[in-house]
Structure formats: C-alpha cells, structure tokens
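I have placed the structure first, in the form of structure tokens, so that the comments after it can refer back to it.
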Amino acid sequence: MKHFHLRYLAVAALLVMGTTAWAQSKVYLTREISPASLVRIYKALGVKAQGRVAVKISTGEGSNPNYLKPELIKDLVYDVDGTIVENNTAYGGDPNDVRNNSANHWKVIDRHGFTKYFPVDIMDEYDEIRIPVRDHTHLNYDIVGGHLANYDFMICLNHFKGHPMGGYGGALKNLSIGCASSNGKAYIHSAGKMNKLNMDSLWTPKYIGDQDGFLESMAAAAQAVVNYFQKENGIIYISVMNNMILLP
C-alpha cells in the first residue's frame, strides 16, 4: 500500500460573521504553512483579537510528534499577545506521557517547547466552571476549565487531522473536548452519564457505548464555548493541515 505524505497543505481560517444563527461564514485558504502565513491569514479575517486572548491549541501527546510546533505558531501568538490554553485529559497511559494531572501535563508542555516561548495556562489546574448549552439532548451544561473566565477572546488554532473517536480533529473537537476540564471530558464522552471523572469506569461500554450521543455532545459543548466568546470580544478559527497521510 502506498502512503502519500502531505507536508504542505492548505491552512484554512474560518470566521463566523454576523450575529444571527444563519450568518454565512467566510473561509480563507493558503497553501503556505509558515509562521508568516499564519499571521497573514489572521489579518485577512479583518477581526482584531482584543482583550485577554486565549490561543486554544493542543500542545501534543507526550510521545506523539504531530502537533503544531511552537516555532510555527509563535509569530501569531506574539502578534495577538496571546496565552496558550490547555486542559487536562481524561485517560491514562505511559507515565511519561499522561496529561491527566497538571504536574505531569506541565512536563509534557515544557518538553514540547511551549513554555520557552509563551505564557501557558492549564485552565482546569485549580477549578472548573459550568457554562450553558443550547442543545440539552445529552448535556445540561458544559464543564470547562475555570480559567476560561479569564479570557475575552479566543483563537481556536487547530491541527486538522483524523481522530479515532471523533472522526477528525478540528475546531469542533478543539472547542469541545479541548476546552473541557477532565470532568467535562468525561461528561462529553459519556454523553451526559458521568460528570465526575472515574477513569476505571469511563472507558467501558456502559459509558462510551453511545457513539452518536458522544458526537452530539461534542457539538453541543463546542457551541457552548462559541456562544460564550461571542458574548465577550469574539472568537476566530484557524486550522492547519500538515503532516497528513493519504491512504489510497
């Protein structure tokens, strides 16, 4: 089987325009993936990141090299005077790689080079908050890191790729699972059945057997974060597609 490695794909930025639910989005594309191109595509949106700016990104699994490197994103983060924001995970694994507690998560963030360049905030390190959801099919609220309340504007900076549970990783996953606290992740993955993380029970069919419910919960949680920042100074989305593999 042939593998085609795509190292330089389009960077897509999506801005939700207007104030109504039916407002049309504008999408800008560039085939250049570089620090300068990220700044250019941000400026093309015509929306200035104002106030305390959160840059939501995955700082990467401990042993997985495929995350957006700090050297790639640093010009954009500097331009908006942003803070990298993350949350702890809801699963275990290699003790050197796990990010389900702040002490070890900080080690991974530091090892991946983010603290060398930026202020970084693990938003659920100390507490969490609940924000309202519009779709109550599965969730009664969204549980996010408590420090979310410290920010006025969000740049949702996504590494667009495939994902074994969510189908693909992009803005929706970065906003929902990515902004959720550890308890919030359990709440989304279980489609509302567990709001206090118990890793021994969560990853069993009793709690994660409803795949459609999980996907619908992700959508509801992502909408909650979007609505939160739309009531503040705003939110924009930039997705980067690189190091992709196409399987024919």
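We label chains A, B, ... in the order they appear in the structure tokens, count residues from 1 in each chain, and number ligands from 1 in the order shown.
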Within 9 Å of Asp75 of chain A, counting only C-alpha atoms, which residues show up once you throw out same-chain ones fewer than 5 positions away? Write them as a PDB file with N, CA and C atoms, in the first residue's frame, please.
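New file out02.pdb:
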ATOM      1  N   PRO A  35       5.290  30.500   9.794  1.00  0.00           N
ATOM      2  CA  PRO A  35       4.909  31.492  10.802  1.00  0.00           C
ATOM      3  C   PRO A  35       4.301  32.745  10.185  1.00  0.00           C
ATOM      4  N   ALA A  36       4.882  33.219   9.092  1.00  0.00           N
ATOM      5  CA  ALA A  36       4.376  34.433   8.459  1.00  0.00           C
ATOM      6  C   ALA A  36       2.986  34.235   7.862  1.00  0.00           C
ATOM      7  N   LEU A  38       0.610  32.262   8.892  1.00  0.00           N
ATOM      8  CA  LEU A  38      -0.410  32.246   9.940  1.00  0.00           C
ATOM      9  C   LEU A  38      -0.792  33.665  10.344  1.00  0.00           C
ATOM     10  N   VAL A  39       0.180  34.547  10.410  1.00  0.00           N
ATOM     11  CA  VAL A  39      -0.118  35.943  10.727  1.00  0.00           C
ATOM     12  C   VAL A  39      -0.924  36.576   9.595  1.00  0.00           C
ATOM     13  N   VAL A  80      -0.801  38.733  18.715  1.00  0.00           N
ATOM     14  CA  VAL A  80      -2.049  38.984  19.452  1.00  0.00           C
ATOM     15  C   VAL A  80      -1.817  39.053  20.956  1.00  0.00           C
TER      16      VAL A  80
END
Strand (DSSP E) residues, from DSSP on the backbone, in segment 167-244 of chain A, as a PDB file with N, CA and C atoms, in the first residue's frame:
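Written output follows (selection.pdb):
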ATOM      1  N   GLY A 167     -13.702  11.110  14.636  1.00  0.00           N
ATOM      2  CA  GLY A 167     -13.744  11.120  13.177  1.00  0.00           C
ATOM      3  C   GLY A 167     -12.608  11.958  12.611  1.00  0.00           C
ATOM      4  N   TYR A 168     -12.518  13.184  13.059  1.00  0.00           N
ATOM      5  CA  TYR A 168     -11.385  14.033  12.722  1.00  0.00           C
ATOM      6  C   TYR A 168     -11.226  15.073  13.815  1.00  0.00           C
ATOM      7  N   GLY A 169     -10.016  15.566  13.928  1.00  0.00           N
ATOM      8  CA  GLY A 169      -9.750  16.626  14.895  1.00  0.00           C
ATOM      9  C   GLY A 169      -9.705  17.957  14.185  1.00  0.00           C
ATOM     10  N   GLY A 234     -15.184  37.950  21.147  1.00  0.00           N
ATOM     11  CA  GLY A 234     -15.264  37.223  19.896  1.00  0.00           C
ATOM     12  C   GLY A 234     -14.385  35.980  19.850  1.00  0.00           C
ATOM     13  N   ILE A 235     -14.460  35.276  18.719  1.00  0.00           N
ATOM     14  CA  ILE A 235     -13.722  34.041  18.506  1.00  0.00           C
ATOM     15  C   ILE A 235     -13.482  33.870  17.016  1.00  0.00           C
ATOM     16  N   ILE A 236     -12.295  33.391  16.645  1.00  0.00           N
ATOM     17  CA  ILE A 236     -11.982  33.046  15.270  1.00  0.00           C
ATOM     18  C   ILE A 236     -11.339  31.666  15.250  1.00  0.00           C
ATOM     19  N   TYR A 237     -11.242  31.091  14.037  1.00  0.00           N
ATOM     20  CA  TYR A 237     -10.784  29.716  13.906  1.00  0.00           C
ATOM     21  C   TYR A 237      -9.748  29.634  12.792  1.00  0.00           C
ATOM     22  N   ILE A 238      -8.626  29.017  13.090  1.00  0.00           N
ATOM     23  CA  ILE A 238      -7.594  28.774  12.086  1.00  0.00           C
ATOM     24  C   ILE A 238      -7.215  27.305  12.180  1.00  0.00           C
ATOM     25  N   SER A 239      -7.314  26.598  11.051  1.00  0.00           N
ATOM     26  CA  SER A 239      -6.988  25.172  11.023  1.00  0.00           C
ATOM     27  C   SER A 239      -5.792  24.937  10.108  1.00  0.00           C
ATOM     28  N   VAL A 240      -4.853  24.146  10.582  1.00  0.00           N
ATOM     29  CA  VAL A 240      -3.634  23.842   9.835  1.00  0.00           C
ATOM     30  C   VAL A 240      -3.628  22.363   9.481  1.00  0.00           C
ATOM     31  N   MET A 244       0.003  15.203   6.922  1.00  0.00           N
ATOM     32  CA  MET A 244      -1.124  14.304   6.692  1.00  0.00           C
ATOM     33  C   MET A 244      -0.676  13.129   5.828  1.00  0.00           C
TER      34      MET A 244
END
Taking a cut-off of 10 Å and counting only C-alpha atoms, can you build a table that, for each residue of segment 111-186 of chain A near segment 225-232 of chain A, reports the nearest atom pair and how far apart they are in Å (one decimal), sorted by chain then residue number, as a Markdown table?
| residue | atom | partner | partner_atom | distance |
| --- | --- | --- | --- | --- |
| A:Ile131 | CA | A:Tyr228 | CA | 7.6 |
| A:Pro132 | CA | A:Tyr228 | CA | 8.4 |
| A:Val133 | CA | A:Asn227 | CA | 8.6 |
| A:Arg134 | CA | A:Asn227 | CA | 9.1 |
| A:Asp142 | CA | A:Val225 | CA | 8.3 |
| A:Val144 | CA | A:Val225 | CA | 8.7 |
| A:Leu148 | CA | A:Val225 | CA | 9.3 |
| A:Ala149 | CA | A:Tyr228 | CA | 9.4 |
| A:Tyr151 | CA | A:Glu232 | CA | 8.6 |
| A:Asp152 | CA | A:Glu232 | CA | 5.4 |
| A:Phe153 | CA | A:Phe229 | CA | 6.2 |
| A:Met154 | CA | A:Phe229 | CA | 6.9 |
| A:Cys156 | CA | A:Val226 | CA | 9.9 |
| A:Leu172 | CA | A:Val226 | CA | 9.9 |
| A:Leu175 | CA | A:Val225 | CA | 6.5 |
| A:Ser176 | CA | A:Val225 | CA | 7.4 |
| A:Cys179 | CA | A:Val225 | CA | 7.8 |
| A:Ala180 | CA | A:Val225 | CA | 9.4 |
Keeping all heavy atoms for every residue in the selection just given, could you write it to a file as a compact mmCIF listing (two decimals), in the first residue's frame?
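Now in part-v2.txt:
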# COMPACT_ATOMS: atom_id res chain seq x y z
N ILE A 131 -20.78 26.25 31.88
CA ILE A 131 -21.35 27.27 31.01
C ILE A 131 -22.56 26.65 30.32
O ILE A 131 -22.64 25.43 30.14
CB ILE A 131 -20.33 27.81 30.00
CG1 ILE A 131 -19.78 26.70 29.09
CG2 ILE A 131 -19.18 28.51 30.73
CD1 ILE A 131 -18.84 27.21 28.00
N PRO A 132 -23.52 27.46 29.92
CA PRO A 132 -24.77 26.92 29.38
C PRO A 132 -24.62 26.31 27.99
O PRO A 132 -23.80 26.77 27.19
CB PRO A 132 -25.70 28.13 29.36
CG PRO A 132 -24.79 29.32 29.35
CD PRO A 132 -23.58 28.93 30.10
N VAL A 133 -25.40 25.29 27.72
CA VAL A 133 -25.51 24.70 26.39
C VAL A 133 -26.90 25.01 25.86
O VAL A 133 -27.86 25.16 26.62
CB VAL A 133 -25.27 23.17 26.40
CG1 VAL A 133 -23.84 22.85 26.80
CG2 VAL A 133 -26.26 22.47 27.32
N ARG A 134 -27.01 25.10 24.54
CA ARG A 134 -28.32 25.33 23.92
C ARG A 134 -29.03 24.02 23.62
O ARG A 134 -30.26 23.94 23.65
CB ARG A 134 -28.14 26.15 22.64
CG ARG A 134 -27.75 27.59 22.92
CD ARG A 134 -27.34 28.32 21.65
NE ARG A 134 -28.36 28.29 20.62
CZ ARG A 134 -28.18 28.80 19.40
NH1 ARG A 134 -27.02 29.37 19.08
NH2 ARG A 134 -29.13 28.75 18.50
N ASP A 142 -21.98 22.64 29.98
CA ASP A 142 -20.64 22.27 29.55
C ASP A 142 -19.68 22.57 30.69
O ASP A 142 -19.76 23.65 31.30
CB ASP A 142 -20.26 23.06 28.29
CG ASP A 142 -18.93 22.62 27.70
OD1 ASP A 142 -18.52 21.47 27.92
OD2 ASP A 142 -18.31 23.43 26.98
N VAL A 144 -16.05 23.36 31.77
CA VAL A 144 -14.80 23.83 31.17
C VAL A 144 -13.82 24.23 32.28
O VAL A 144 -14.20 24.41 33.44
CB VAL A 144 -15.05 25.03 30.23
CG1 VAL A 144 -15.95 24.62 29.07
CG2 VAL A 144 -15.66 26.20 30.98
N LEU A 148 -11.12 29.69 31.91
CA LEU A 148 -11.76 30.21 30.70
C LEU A 148 -12.34 31.60 30.96
O LEU A 148 -12.33 32.47 30.07
CB LEU A 148 -12.86 29.26 30.23
CG LEU A 148 -13.47 29.59 28.85
CD1 LEU A 148 -12.56 29.07 27.75
CD2 LEU A 148 -14.86 28.95 28.72
N ALA A 149 -12.80 31.80 32.17
CA ALA A 149 -13.42 33.08 32.53
C ALA A 149 -12.42 34.22 32.55
O ALA A 149 -12.83 35.39 32.63
CB ALA A 149 -14.11 32.96 33.89
N TYR A 151 -10.53 35.07 30.08
CA TYR A 151 -10.22 35.50 28.71
C TYR A 151 -11.43 36.15 28.04
O TYR A 151 -12.57 35.80 28.30
CB TYR A 151 -9.72 34.30 27.89
CG TYR A 151 -8.47 33.71 28.50
CD1 TYR A 151 -8.54 32.59 29.33
CD2 TYR A 151 -7.23 34.30 28.30
CE1 TYR A 151 -7.41 32.07 29.93
CE2 TYR A 151 -6.09 33.79 28.90
CZ TYR A 151 -6.18 32.69 29.71
OH TYR A 151 -5.07 32.17 30.32
N ASP A 152 -11.10 37.10 27.15
CA ASP A 152 -12.13 37.86 26.45
C ASP A 152 -12.30 37.44 24.99
O ASP A 152 -13.32 37.71 24.37
CB ASP A 152 -11.78 39.35 26.45
CG ASP A 152 -11.45 39.87 27.83
OD1 ASP A 152 -12.31 39.71 28.72
OD2 ASP A 152 -10.35 40.42 28.03
N PHE A 153 -11.28 36.82 24.43
CA PHE A 153 -11.25 36.49 23.00
C PHE A 153 -10.51 35.17 22.84
O PHE A 153 -9.55 34.90 23.56
CB PHE A 153 -10.51 37.59 22.23
CG PHE A 153 -10.64 37.50 20.73
CD1 PHE A 153 -11.55 38.30 20.06
CD2 PHE A 153 -9.83 36.65 19.99
CE1 PHE A 153 -11.67 38.23 18.68
CE2 PHE A 153 -9.95 36.57 18.60
CZ PHE A 153 -10.86 37.36 17.95
N MET A 154 -10.97 34.35 21.90
CA MET A 154 -10.30 33.07 21.66
C MET A 154 -9.92 32.93 20.20
O MET A 154 -10.73 33.20 19.29
CB MET A 154 -11.17 31.89 22.07
CG MET A 154 -10.54 30.53 21.73
SD MET A 154 -11.41 29.10 22.42
CE MET A 154 -10.80 29.13 24.12
N CYS A 156 -9.11 29.83 18.08
CA CYS A 156 -9.18 28.37 18.07
C CYS A 156 -8.22 27.89 16.98
O CYS A 156 -8.56 27.91 15.79
CB CYS A 156 -10.61 27.93 17.82
SG CYS A 156 -10.87 26.15 17.95
N LEU A 172 -14.16 21.77 16.01
CA LEU A 172 -15.22 21.24 16.87
C LEU A 172 -14.63 20.47 18.05
O LEU A 172 -15.03 20.66 19.19
CB LEU A 172 -16.16 20.36 16.05
CG LEU A 172 -17.47 19.94 16.72
CD1 LEU A 172 -18.57 19.76 15.68
CD2 LEU A 172 -17.32 18.65 17.50
N LEU A 175 -12.67 22.86 20.49
CA LEU A 175 -13.55 23.66 21.33
C LEU A 175 -14.27 22.83 22.38
O LEU A 175 -14.49 23.30 23.50
CB LEU A 175 -14.59 24.37 20.45
CG LEU A 175 -14.08 25.51 19.58
CD1 LEU A 175 -15.15 25.89 18.56
CD2 LEU A 175 -13.70 26.71 20.42
N SER A 176 -14.65 21.62 22.03
CA SER A 176 -15.46 20.81 22.95
C SER A 176 -14.57 20.03 23.92
O SER A 176 -14.45 20.39 25.10
CB SER A 176 -16.36 19.86 22.15
OG SER A 176 -15.60 19.04 21.27
N CYS A 179 -11.53 22.31 25.34
CA CYS A 179 -11.83 23.33 26.35
C CYS A 179 -12.44 22.74 27.61
O CYS A 179 -12.57 23.44 28.62
CB CYS A 179 -12.75 24.40 25.78
SG CYS A 179 -11.96 25.48 24.56
N ALA A 180 -12.84 21.48 27.56
CA ALA A 180 -13.46 20.83 28.72
C ALA A 180 -12.40 20.47 29.76
O ALA A 180 -11.28 20.09 29.42
CB ALA A 180 -14.22 19.58 28.29
For this session: Would you mind telling me which residue in A:Gly51, A:Gly170, A:Gly62, A:Gly213 lies nearest to Gly92 of chain A when using only C-alpha atoms?
Result: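 Of all the options, A:Gly62 lies closest to Gly92 of chain A.
Every protein or nucleic acid residue with an atom no more than 8 Å from Ile129 of chain A, counting only C-alpha atoms and leaving out same-chain residues fewer than 3 positions away, appears here: A:Ile143, A:Val144, A:Gly145, A:Gly146.
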Exercise. With only C-alpha atoms as the basis for distance, which of A:Asn88, A:Ser34, A:Thr204, A:Ser58 is at the shortest distance from Lys185 of chain A?
Worked result: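 Going through A:Asn88, A:Ser34, A:Thr204, A:Ser58 one by one, the smallest distance to Lys185 of chain A is for A:Asn88.
For the atom pair formed by atom CA of His147 of chain A and atom CA of Tyr42 of chain A, the distance is 24.3 Å, given to one decimal.
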Exercise. In Å, with one decimal, what is the gap from atom CA of Ala220 of chain A to atom CA of Ser181 of chain A?
Worked result: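 Interatomic distance, atom CA of Ala220 of chain A to atom CA of Ser181 of chain A: 15.2 Å.
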Problem set entry | Selection near Gly113 of chain A, 9 Å with only C-alpha atoms, sequence-local residues under 3 positions removed, as a list in words |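 Once the nearby chain positions are removed, what remains is Lys69, Pro70, Glu71, Val108, Ile109, Asp110, Lys116 and Tyr117 of chain A.
Atom CA of Ile73 of chain A sits 12.2 Å away from atom CA of Ile41 of chain A.
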